[in-house]
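File shown: target-v1.cif (mmCIF, C-alpha atoms, pLDDT in the B column; chains and numbers go by the auth columns).
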data_run
#
loop_
_atom_site.group_PDB
_atom_site.id
_atom_site.type_symbol
_atom_site.label_atom_id
_atom_site.label_comp_id
_atom_site.label_asym_id
_atom_site.label_seq_id
_atom_site.Cartn_x
_atom_site.Cartn_y
_atom_site.Cartn_z
_atom_site.B_iso_or_equiv
_atom_site.auth_seq_id
_atom_site.auth_asym_id
ATOM 1 C CA VAL A 1 6.707 -5.611 -8.506 41.00 1 A
ATOM 2 C CA GLY A 2 6.405 -5.056 -4.747 52.00 2 A
ATOM 3 C CA TRP A 3 4.292 -7.058 -2.321 56.00 3 A
ATOM 4 C CA SER A 4 1.198 -4.875 -2.791 66.00 4 A
ATOM 5 C CA GLY A 5 1.603 -5.041 -6.561 77.00 5 A
ATOM 6 C CA LYS A 6 1.709 -8.836 -6.475 86.00 6 A
ATOM 7 C CA VAL A 7 -1.417 -8.974 -4.324 86.00 7 A
ATOM 8 C CA ARG A 8 -3.168 -6.612 -6.718 88.00 8 A
ATOM 9 C CA GLU A 9 -2.208 -8.868 -9.637 89.00 9 A
ATOM 10 C CA ALA A 10 -3.545 -11.889 -7.743 88.00 10 A
ATOM 11 C CA TYR A 11 -6.811 -10.026 -7.155 87.00 11 A
ATOM 12 C CA ASP A 12 -7.087 -9.214 -10.859 87.00 12 A
ATOM 13 C CA HIS A 13 -6.537 -12.894 -11.740 86.00 13 A
ATOM 14 C CA ALA A 14 -9.264 -13.967 -9.310 87.00 14 A
ATOM 15 C CA VAL A 15 -11.683 -11.436 -10.806 87.00 15 A
ATOM 16 C CA LYS A 16 -10.925 -12.714 -14.313 89.00 16 A
ATOM 17 C CA ALA A 17 -11.616 -16.261 -13.161 87.00 17 A
ATOM 18 C CA LEU A 18 -14.994 -15.081 -11.877 89.00 18 A
ATOM 19 C CA GLU A 19 -15.832 -13.684 -15.301 89.00 19 A
ATOM 20 C CA LEU A 20 -15.729 -17.282 -16.536 89.00 20 A
ATOM 21 C CA ASP A 21 -17.668 -18.666 -13.566 92.00 21 A
ATOM 22 C CA PRO A 22 -19.425 -15.981 -11.466 91.00 22 A
ATOM 23 C CA ARG A 23 -20.579 -18.569 -8.909 94.00 23 A
ATOM 24 C CA HIS A 24 -17.142 -20.041 -8.201 94.00 24 A
ATOM 25 C CA ALA A 25 -17.153 -19.821 -4.401 95.00 25 A
ATOM 26 C CA GLU A 26 -13.419 -20.453 -3.908 93.00 26 A
ATOM 27 C CA ALA A 27 -12.536 -17.763 -6.460 94.00 27 A
ATOM 28 C CA HIS A 28 -14.786 -15.308 -4.616 95.00 28 A
ATOM 29 C CA ALA A 29 -13.063 -16.219 -1.338 95.00 29 A
ATOM 30 C CA LEU A 30 -9.640 -15.629 -2.897 94.00 30 A
ATOM 31 C CA ALA A 31 -10.788 -12.334 -4.392 95.00 31 A
ATOM 32 C CA ALA A 32 -12.137 -11.304 -0.975 96.00 32 A
ATOM 33 C CA THR A 33 -8.785 -12.068 0.661 94.00 33 A
ATOM 34 C CA TYR A 34 -6.785 -10.124 -1.911 94.00 34 A
ATOM 35 C CA ALA A 35 -9.230 -7.202 -1.954 95.00 35 A
ATOM 36 C CA TYR A 36 -8.948 -6.855 1.817 95.00 36 A
ATOM 37 C CA ARG A 37 -5.152 -6.922 1.663 92.00 37 A
ATOM 38 C CA ILE A 38 -4.983 -4.129 -0.917 92.00 38 A
ATOM 39 C CA GLY A 39 -7.301 -1.914 1.116 92.00 39 A
ATOM 40 C CA ARG A 40 -10.608 -2.458 -0.688 95.00 40 A
ATOM 41 C CA PRO A 41 -12.969 -3.553 2.098 96.00 41 A
ATOM 42 C CA GLU A 42 -16.141 -2.953 0.074 97.00 42 A
ATOM 43 C CA ALA A 43 -14.963 -5.339 -2.653 96.00 43 A
ATOM 44 C CA ALA A 44 -13.759 -7.789 -0.003 97.00 44 A
ATOM 45 C CA ARG A 45 -17.185 -7.812 1.613 97.00 45 A
ATOM 46 C CA ALA A 46 -18.983 -8.285 -1.709 97.00 46 A
ATOM 47 C CA HIS A 47 -16.772 -11.229 -2.704 97.00 47 A
ATOM 48 C CA ALA A 48 -16.963 -12.855 0.746 98.00 48 A
ATOM 49 C CA GLU A 49 -20.754 -12.593 0.789 98.00 49 A
ATOM 50 C CA SER A 50 -20.916 -13.994 -2.754 97.00 50 A
ATOM 51 C CA ALA A 51 -18.734 -16.938 -1.723 97.00 51 A
ATOM 52 C CA LEU A 52 -20.899 -17.705 1.298 98.00 52 A
ATOM 53 C CA ALA A 53 -24.097 -17.392 -0.730 97.00 53 A
ATOM 54 C CA VAL A 54 -22.831 -20.307 -2.833 97.00 54 A
ATOM 55 C CA ASP A 55 -21.160 -22.294 -0.040 97.00 55 A
ATOM 56 C CA ASP A 56 -21.353 -21.203 3.600 96.00 56 A
ATOM 57 C CA ARG A 57 -18.642 -23.699 4.590 97.00 57 A
ATOM 58 C CA ILE A 58 -15.726 -21.650 3.230 96.00 58 A
ATOM 59 C CA GLY A 59 -13.785 -20.602 6.287 96.00 59 A
ATOM 60 C CA LYS A 60 -11.648 -17.977 4.559 96.00 60 A
ATOM 61 C CA ALA A 61 -14.774 -16.130 3.366 98.00 61 A
ATOM 62 C CA HIS A 62 -16.106 -16.034 6.944 98.00 62 A
ATOM 63 C CA ASP A 63 -12.704 -14.830 8.150 97.00 63 A
ATOM 64 C CA VAL A 64 -12.434 -11.978 5.647 97.00 64 A
ATOM 65 C CA LEU A 65 -16.038 -10.915 6.195 98.00 65 A
ATOM 66 C CA GLY A 66 -15.336 -10.837 9.924 98.00 66 A
ATOM 67 C CA LEU A 67 -12.369 -8.518 9.357 97.00 67 A
ATOM 68 C CA VAL A 68 -14.444 -6.164 7.213 98.00 68 A
ATOM 69 C CA LEU A 69 -17.288 -6.080 9.744 98.00 69 A
ATOM 70 C CA LEU A 70 -14.791 -5.451 12.535 96.00 70 A
ATOM 71 C CA GLY A 71 -13.488 -2.445 10.617 95.00 71 A
ATOM 72 C CA GLU A 72 -17.065 -1.170 10.329 96.00 72 A
ATOM 73 C CA GLY A 73 -17.598 -1.484 14.073 95.00 73 A
ATOM 74 C CA GLN A 74 -20.073 -4.371 13.759 96.00 74 A
ATOM 75 C CA LEU A 75 -18.351 -6.318 16.512 95.00 75 A
ATOM 76 C CA ASP A 76 -20.974 -8.967 17.264 95.00 76 A
ATOM 77 C CA ASP A 77 -21.445 -9.877 13.595 97.00 77 A
ATOM 78 C CA ALA A 78 -17.675 -9.916 13.113 97.00 78 A
ATOM 79 C CA LEU A 79 -17.280 -12.285 16.053 97.00 79 A
ATOM 80 C CA ARG A 80 -19.927 -14.619 14.644 97.00 80 A
ATOM 81 C CA HIS A 81 -18.055 -14.927 11.338 98.00 81 A
ATOM 82 C CA HIS A 82 -14.658 -15.373 13.006 98.00 82 A
ATOM 83 C CA GLU A 83 -16.100 -18.140 15.187 97.00 83 A
ATOM 84 C CA ALA A 84 -17.542 -19.772 12.063 98.00 84 A
ATOM 85 C CA ALA A 85 -14.095 -19.626 10.442 98.00 85 A
ATOM 86 C CA ILE A 86 -12.562 -21.387 13.465 97.00 86 A
ATOM 87 C CA ALA A 87 -15.268 -24.059 13.446 97.00 87 A
ATOM 88 C CA LEU A 88 -14.484 -24.775 9.794 97.00 88 A
ATOM 89 C CA ALA A 89 -10.691 -24.539 10.109 95.00 89 A
ATOM 90 C CA PRO A 90 -9.644 -25.114 13.742 96.00 90 A
ATOM 91 C CA GLU A 91 -5.982 -25.555 12.740 96.00 91 A
ATOM 92 C CA SER A 92 -5.789 -22.136 11.062 96.00 92 A
ATOM 93 C CA ALA A 93 -3.438 -19.906 13.056 98.00 93 A
ATOM 94 C CA GLU A 94 -4.538 -16.896 11.006 96.00 94 A
ATOM 95 C CA ALA A 95 -8.227 -17.472 11.757 97.00 95 A
ATOM 96 C CA ARG A 96 -7.503 -17.827 15.478 98.00 96 A
ATOM 97 C CA ASN A 97 -5.444 -14.640 15.465 98.00 97 A
ATOM 98 C CA ASN A 98 -8.229 -12.726 13.718 96.00 98 A
ATOM 99 C CA LEU A 99 -10.732 -14.060 16.246 97.00 99 A
ATOM 100 C CA ALA A 100 -8.396 -12.876 19.012 98.00 100 A
ATOM 101 C CA PHE A 101 -8.336 -9.370 17.569 96.00 101 A
ATOM 102 C CA ALA A 102 -12.143 -9.278 17.523 96.00 102 A
ATOM 103 C CA LEU A 103 -12.215 -10.488 21.131 97.00 103 A
ATOM 104 C CA ILE A 104 -9.802 -7.715 22.131 97.00 104 A
ATOM 105 C CA GLN A 105 -12.165 -5.128 20.627 95.00 105 A
ATOM 106 C CA LEU A 106 -15.005 -6.653 22.653 95.00 106 A
ATOM 107 C CA GLY A 107 -12.963 -6.430 25.860 96.00 107 A
ATOM 108 C CA ARG A 108 -12.727 -10.223 26.220 97.00 108 A
ATOM 109 C CA VAL A 109 -9.012 -10.142 26.979 98.00 109 A
ATOM 110 C CA GLN A 110 -8.643 -13.591 28.554 98.00 110 A
ATOM 111 C CA ASP A 111 -10.406 -15.223 25.601 98.00 111 A
ATOM 112 C CA ALA A 112 -8.110 -13.286 23.269 98.00 112 A
ATOM 113 C CA LEU A 113 -5.056 -14.548 25.158 98.00 113 A
ATOM 114 C CA ALA A 114 -6.320 -18.112 24.782 98.00 114 A
ATOM 115 C CA GLN A 115 -6.794 -17.702 21.025 98.00 115 A
ATOM 116 C CA THR A 116 -3.401 -16.063 20.431 98.00 116 A
ATOM 117 C CA GLY A 117 -1.806 -18.797 22.514 98.00 117 A
ATOM 118 C CA GLN A 118 -3.371 -21.431 20.272 98.00 118 A
ATOM 119 C CA ALA A 119 -2.360 -19.494 17.151 98.00 119 A
ATOM 120 C CA LEU A 120 1.254 -19.410 18.347 98.00 120 A
ATOM 121 C CA ARG A 121 1.233 -23.117 19.142 98.00 121 A
ATOM 122 C CA LEU A 122 0.146 -23.720 15.569 98.00 122 A
ATOM 123 C CA GLN A 123 2.617 -21.184 14.124 98.00 123 A
ATOM 124 C CA PRO A 124 5.345 -20.075 16.579 98.00 124 A
ATOM 125 C CA ASP A 125 6.843 -17.525 14.165 98.00 125 A
ATOM 126 C CA PHE A 126 3.519 -15.695 13.644 98.00 126 A
ATOM 127 C CA ALA A 127 4.466 -12.043 14.251 98.00 127 A
ATOM 128 C CA GLU A 128 0.875 -10.761 14.063 98.00 128 A
ATOM 129 C CA ALA A 129 -0.228 -13.205 16.764 98.00 129 A
ATOM 130 C CA ARG A 130 2.665 -12.058 18.965 99.00 130 A
ATOM 131 C CA ASN A 131 1.540 -8.471 18.458 99.00 131 A
ATOM 132 C CA ASN A 132 -2.091 -9.254 19.274 98.00 132 A
ATOM 133 C CA ARG A 133 -1.073 -11.222 22.352 99.00 133 A
ATOM 134 C CA GLY A 134 0.973 -8.209 23.399 99.00 134 A
ATOM 135 C CA ILE A 135 -2.102 -5.993 23.029 99.00 135 A
ATOM 136 C CA ALA A 136 -4.145 -8.431 25.117 98.00 136 A
ATOM 137 C CA HIS A 137 -1.457 -8.573 27.804 99.00 137 A
ATOM 138 C CA ALA A 138 -1.296 -4.764 27.839 98.00 138 A
ATOM 139 C CA ARG A 139 -5.090 -4.535 28.217 98.00 139 A
ATOM 140 C CA ALA A 140 -4.842 -7.048 31.074 97.00 140 A
ATOM 141 C CA GLY A 141 -2.251 -4.844 32.779 97.00 141 A
ATOM 142 C CA VAL A 142 0.605 -7.350 32.419 97.00 142 A
ATOM 143 C CA SER A 143 3.182 -4.979 30.954 98.00 143 A
ATOM 144 C CA ASP A 144 6.206 -7.303 31.256 98.00 144 A
ATOM 145 C CA SER A 145 4.474 -9.961 29.159 98.00 145 A
ATOM 146 C CA ALA A 146 3.228 -7.342 26.697 99.00 146 A
ATOM 147 C CA ILE A 147 6.755 -5.997 26.211 99.00 147 A
ATOM 148 C CA ALA A 148 8.124 -9.513 25.698 99.00 148 A
ATOM 149 C CA ASP A 149 5.468 -10.206 23.045 99.00 149 A
ATOM 150 C CA PHE A 150 6.097 -6.963 21.150 99.00 150 A
ATOM 151 C CA GLN A 151 9.855 -7.518 21.275 99.00 151 A
ATOM 152 C CA GLU A 152 9.432 -11.024 19.887 99.00 152 A
ATOM 153 C CA ALA A 153 7.150 -9.697 17.130 99.00 153 A
ATOM 154 C CA LEU A 154 9.902 -7.222 16.217 99.00 154 A
ATOM 155 C CA ARG A 155 12.554 -9.929 16.287 98.00 155 A
ATOM 156 C CA LEU A 156 10.457 -11.850 13.781 98.00 156 A
ATOM 157 C CA ARG A 157 9.732 -8.743 11.709 97.00 157 A
ATOM 158 C CA PRO A 158 11.923 -5.706 12.509 97.00 158 A
ATOM 159 C CA SER A 159 9.895 -3.400 10.246 97.00 159 A
ATOM 160 C CA TYR A 160 6.565 -4.193 11.965 97.00 160 A
ATOM 161 C CA VAL A 161 5.407 -0.622 12.584 98.00 161 A
ATOM 162 C CA GLN A 162 2.343 -1.499 14.674 98.00 162 A
ATOM 163 C CA ALA A 163 4.508 -3.525 17.057 99.00 163 A
ATOM 164 C CA HIS A 164 6.950 -0.607 17.367 99.00 164 A
ATOM 165 C CA ASN A 165 4.045 1.719 18.178 99.00 165 A
ATOM 166 C CA ASN A 166 2.455 -0.711 20.634 99.00 166 A
ATOM 167 C CA LEU A 167 5.763 -1.328 22.397 99.00 167 A
ATOM 168 C CA GLY A 168 6.264 2.419 22.626 99.00 168 A
ATOM 169 C CA LEU A 169 2.861 2.856 24.263 98.00 169 A
ATOM 170 C CA VAL A 170 3.567 0.245 26.934 99.00 170 A
ATOM 171 C CA LEU A 171 7.016 1.694 27.640 98.00 171 A
ATOM 172 C CA ALA A 172 5.547 5.193 27.886 98.00 172 A
ATOM 173 C CA GLY A 173 2.963 3.911 30.344 97.00 173 A
ATOM 174 C CA ARG A 174 5.840 2.689 32.523 97.00 174 A
ATOM 175 C CA GLY A 175 7.562 6.067 32.348 96.00 175 A
ATOM 176 C CA GLU A 176 10.295 4.854 29.966 97.00 176 A
ATOM 177 C CA ILE A 177 9.729 7.802 27.648 97.00 177 A
ATOM 178 C CA GLN A 178 13.134 7.907 25.949 97.00 178 A
ATOM 179 C CA GLU A 179 12.899 4.267 24.884 98.00 179 A
ATOM 180 C CA ALA A 180 9.254 4.740 23.884 98.00 180 A
ATOM 181 C CA ALA A 181 10.191 7.693 21.675 98.00 181 A
ATOM 182 C CA ARG A 182 12.805 5.558 19.949 98.00 182 A
ATOM 183 C CA HIS A 183 10.156 3.030 18.905 99.00 183 A
ATOM 184 C CA PHE A 184 7.731 5.744 17.776 99.00 184 A
ATOM 185 C CA GLU A 185 10.547 7.290 15.713 98.00 185 A
ATOM 186 C CA THR A 186 11.313 3.928 14.112 98.00 186 A
ATOM 187 C CA ALA A 187 7.650 3.414 13.201 98.00 187 A
ATOM 188 C CA VAL A 188 7.437 6.866 11.599 98.00 188 A
ATOM 189 C CA ARG A 189 10.710 6.405 9.744 98.00 189 A
ATOM 190 C CA ILE A 190 9.464 3.134 8.237 97.00 190 A
ATOM 191 C CA GLU A 191 5.945 4.434 7.538 96.00 191 A
ATOM 192 C CA PRO A 192 5.906 8.264 7.409 96.00 192 A
ATOM 193 C CA ASN A 193 2.102 8.405 7.072 96.00 193 A
ATOM 194 C CA TYR A 194 1.481 6.405 10.262 97.00 194 A
ATOM 195 C CA GLU A 195 -0.486 9.143 12.034 98.00 195 A
ATOM 196 C CA GLU A 196 -0.972 7.381 15.361 98.00 196 A
ATOM 197 C CA ALA A 197 2.776 6.860 15.747 98.00 197 A
ATOM 198 C CA ARG A 198 3.362 10.500 14.761 98.00 198 A
ATOM 199 C CA ARG A 199 0.976 11.679 17.476 98.00 199 A
ATOM 200 C CA ASN A 200 2.564 9.398 20.047 98.00 200 A
ATOM 201 C CA LEU A 201 6.031 10.615 19.076 98.00 201 A
ATOM 202 C CA ALA A 202 4.940 14.241 19.478 98.00 202 A
ATOM 203 C CA VAL A 203 3.570 13.519 22.966 97.00 203 A
ATOM 204 C CA ALA A 204 6.748 11.658 23.949 98.00 204 A
ATOM 205 C CA ARG A 205 8.970 14.490 22.739 97.00 205 A
ATOM 206 C CA LYS A 206 6.880 17.064 24.587 96.00 206 A
ATOM 207 C CA THR A 207 7.147 15.000 27.758 95.00 207 A
ATOM 208 C CA LEU A 208 10.918 14.733 27.375 94.00 208 A
ATOM 209 C CA GLU A 209 11.200 18.480 26.773 91.00 209 A
ATOM 210 C CA GLY A 210 9.181 19.103 29.932 84.00 210 A
ATOM 211 C CA ARG A 211 11.475 16.828 31.902 76.00 211 A
ATOM 212 C CA ASP A 212 14.563 18.569 30.541 62.00 212 A
ATOM 213 C CA ALA A 213 13.121 21.967 31.448 67.00 213 A
ATOM 214 C CA ALA A 214 12.306 20.759 34.958 65.00 214 A
ATOM 215 C CA ASP A 215 15.821 19.363 35.359 61.00 215 A
ATOM 216 C CA ARG A 216 17.352 22.651 34.234 65.00 216 A
ATOM 217 C CA GLU A 217 15.134 24.601 36.613 64.00 217 A
ATOM 218 C CA ALA A 218 16.105 22.318 39.482 64.00 218 A
ATOM 219 C CA ALA A 219 19.799 22.679 38.620 61.00 219 A
ATOM 220 C CA ASP A 220 19.535 26.486 38.534 62.00 220 A
ATOM 221 C CA SER A 221 17.629 26.816 41.807 61.00 221 A
ATOM 222 C CA PRO A 222 19.540 27.388 45.077 60.00 222 A
ATOM 223 C CA GLY A 223 20.052 24.396 47.300 59.00 223 A
ATOM 224 C CA GLY A 224 17.898 23.848 50.343 50.00 224 A
ATOM 225 C CA ALA A 225 19.018 24.296 53.927 45.00 225 A
ATOM 226 C CA ASP A 226 21.025 21.521 55.526 44.00 226 A
#
Can the structure in the file be given as structure tokens, please?
Amino acid sequence: VGWSGKVREAYDHAVKALELDPRHAEAHALAATYAYRIGRPEAARAHAESALAVDDRIGKAHDVLGLVLLGEGQLDDALRHHEAAIALAPESAEARNNLAFALIQLGRVQDALAQTGQALRLQPDFAEARNNRGIAHARAGVSDSAIADFQEALRLRPSYVQAHNNLGLVLAGRGEIQEAARHFETAVRIEPNYEEARRNLAVARKTLEGRDAADREAADSPGGAD
């Protein structure tokens, strides 16, 4: 059974536990976490809200609900739940990283950098936090730091397709199209249905073709006067 299959099994076990005790807040929080990870945000939201209705001090339920709300574009409500998760579990690197992602969406880049920095102090090998810090650095216009973060995320997890795509975008913005295309190609090879990376790869290839055509035209044209 692959990773997604194991998470699905864990979700099924949590749901069965809730059949025995429908008001078990921790079981609802677990079910919310697993539902979100297998791509069922509606179920994740229902379980997170059920957990908080019983006990509003469960940080993981706030965290998952924040992620769902963020996906729905309800940024202010998402931020409120992520901040609640941090208040309840200040040593959670995952909660701080999720808060950082919400802050990035709100344009609060410096706050996001602070949260990813704290997440990485708590968990230095946290690839997702490296990726989010790279996004924040890119939004802040600090491309060298963004590239370093994405490269470190890929060192930690070479198959991290979002980091490949993000690194490609920063490289393309610096005019390093060939290297950018290589990262887009890697992302698409690992995850063929990754549409954003496919679009970025198509743009990069078109740019490279245009450069090649311009180079050929320049080579074929007569030289200028001395």
Quick one: which residues end up in the PyMOL selection byres ((chain A and resi 96) around 10) for this structure, as an MDAnalysis selection string?
-> chainID A and resid 63 82:83 85:86 89:95 97:102 112 114:120 122 129
Quick one: which residues end up in the PyMOL selection byres ((chain A and resi 30) around 12) for this structure, as a JSON list (two decimals) with C-alpha atoms, in the coordinates of the input?
[["chain", "number", "residue", "atom", "x", "y", "z"],
["A", 7, "VAL", "CA", -1.42, -8.97, -4.32],
["A", 8, "ARG", "CA", -3.17, -6.61, -6.72],
["A", 10, "ALA", "CA", -3.54, -11.89, -7.74],
["A", 11, "TYR", "CA", -6.81, -10.03, -7.16],
["A", 12, "ASP", "CA", -7.09, -9.21, -10.86],
["A", 13, "HIS", "CA", -6.54, -12.89, -11.74],
["A", 14, "ALA", "CA", -9.26, -13.97, -9.31],
["A", 15, "VAL", "CA", -11.68, -11.44, -10.81],
["A", 16, "LYS", "CA", -10.92, -12.71, -14.31],
["A", 17, "ALA", "CA", -11.62, -16.26, -13.16],
["A", 18, "LEU", "CA", -14.99, -15.08, -11.88],
["A", 24, "HIS", "CA", -17.14, -20.04, -8.20],
["A", 25, "ALA", "CA", -17.15, -19.82, -4.40],
["A", 26, "GLU", "CA", -13.42, -20.45, -3.91],
["A", 27, "ALA", "CA", -12.54, -17.76, -6.46],
["A", 28, "HIS", "CA", -14.79, -15.31, -4.62],
["A", 29, "ALA", "CA", -13.06, -16.22, -1.34],
["A", 31, "ALA", "CA", -10.79, -12.33, -4.39],
["A", 32, "ALA", "CA", -12.14, -11.30, -0.98],
["A", 33, "THR", "CA", -8.78, -12.07, 0.66],
["A", 34, "TYR", "CA", -6.78, -10.12, -1.91],
["A", 35, "ALA", "CA", -9.23, -7.20, -1.95],
["A", 36, "TYR", "CA", -8.95, -6.86, 1.82],
["A", 37, "ARG", "CA", -5.15, -6.92, 1.66],
["A", 43, "ALA", "CA", -14.96, -5.34, -2.65],
["A", 44, "ALA", "CA", -13.76, -7.79, 0.00],
["A", 45, "ARG", "CA", -17.18, -7.81, 1.61],
["A", 46, "ALA", "CA", -18.98, -8.28, -1.71],
["A", 47, "HIS", "CA", -16.77, -11.23, -2.70],
["A", 48, "ALA", "CA", -16.96, -12.86, 0.75],
["A", 50, "SER", "CA", -20.92, -13.99, -2.75],
["A", 51, "ALA", "CA", -18.73, -16.94, -1.72],
["A", 58, "ILE", "CA", -15.73, -21.65, 3.23],
["A", 59, "GLY", "CA", -13.78, -20.60, 6.29],
["A", 60, "LYS", "CA", -11.65, -17.98, 4.56],
["A", 61, "ALA", "CA", -14.77, -16.13, 3.37],
["A", 62, "HIS", "CA", -16.11, -16.03, 6.94],
["A", 63, "ASP", "CA", -12.70, -14.83, 8.15],
["A", 64, "VAL", "CA", -12.43, -11.98, 5.65]]
Neighbours of stretch 132-134 of chain A within 6 Å (all atoms listed in the file; same-chain residues fewer than 5 positions away dropped), as number ranges by chain?
-> A: 113, 116, 146, 149-150
If you measure from atom CA of A:Ile190 to atom CA of A:Arg130, what distance in Å do you get, rounded to one decimal?
-> 19.8 Å
Give as a VMD selection string each residue that has an atom at most 10 Å from (2.9, 12.6, 25.5) in the file, counting only C-alpha atoms.
-> chain A and resid 169 172 to 173 177 181 199 to 208
Atom CA of A:Gly5 sits from atom CA of A:Glu196 at a separation of 25.3 Å
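Atom CA of A:His164 lies 7.1 Å from atom CA of A:Thr186.
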Within 12 Å of (0.9, -3.9, 18.4), in the coordinates the file gives, what residues turn up when you count all atoms listed in the file, written out as an MDAnalysis selection string?
-> chainID A and resid 101 104 127:139 146:154 160:170 183:184 187 196:197
Among the residues A:Arg23, A:Arg155, A:Arg80, A:Arg108, the one that comes closest to A:Asp55 [using all atoms listed in the file] |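 Using all atoms listed in the file, A:Asp55 sits closest to A:Arg23.
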Show me, as AutoDock Vina command-line options, the centre and edge lengths in Å to one decimal of the axis-aligned box that covers every listed atom of stretch 131-144 of chain A with 6 Å on each side.
--center_x 0.6 --center_y -7.9 --center_z 25.6 --size_x 23.3 --size_y 18.7 --size_z 26.3
Identify which of the residues A:Gly107, A:Ala78, A:Gln178, A:Val54 lies closest to A:Arg211, counting all atoms listed in the file when measuring atom-to-atom distances.
->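 Looking at the shortest contact to A:Arg211, the residue is A:Gln178.
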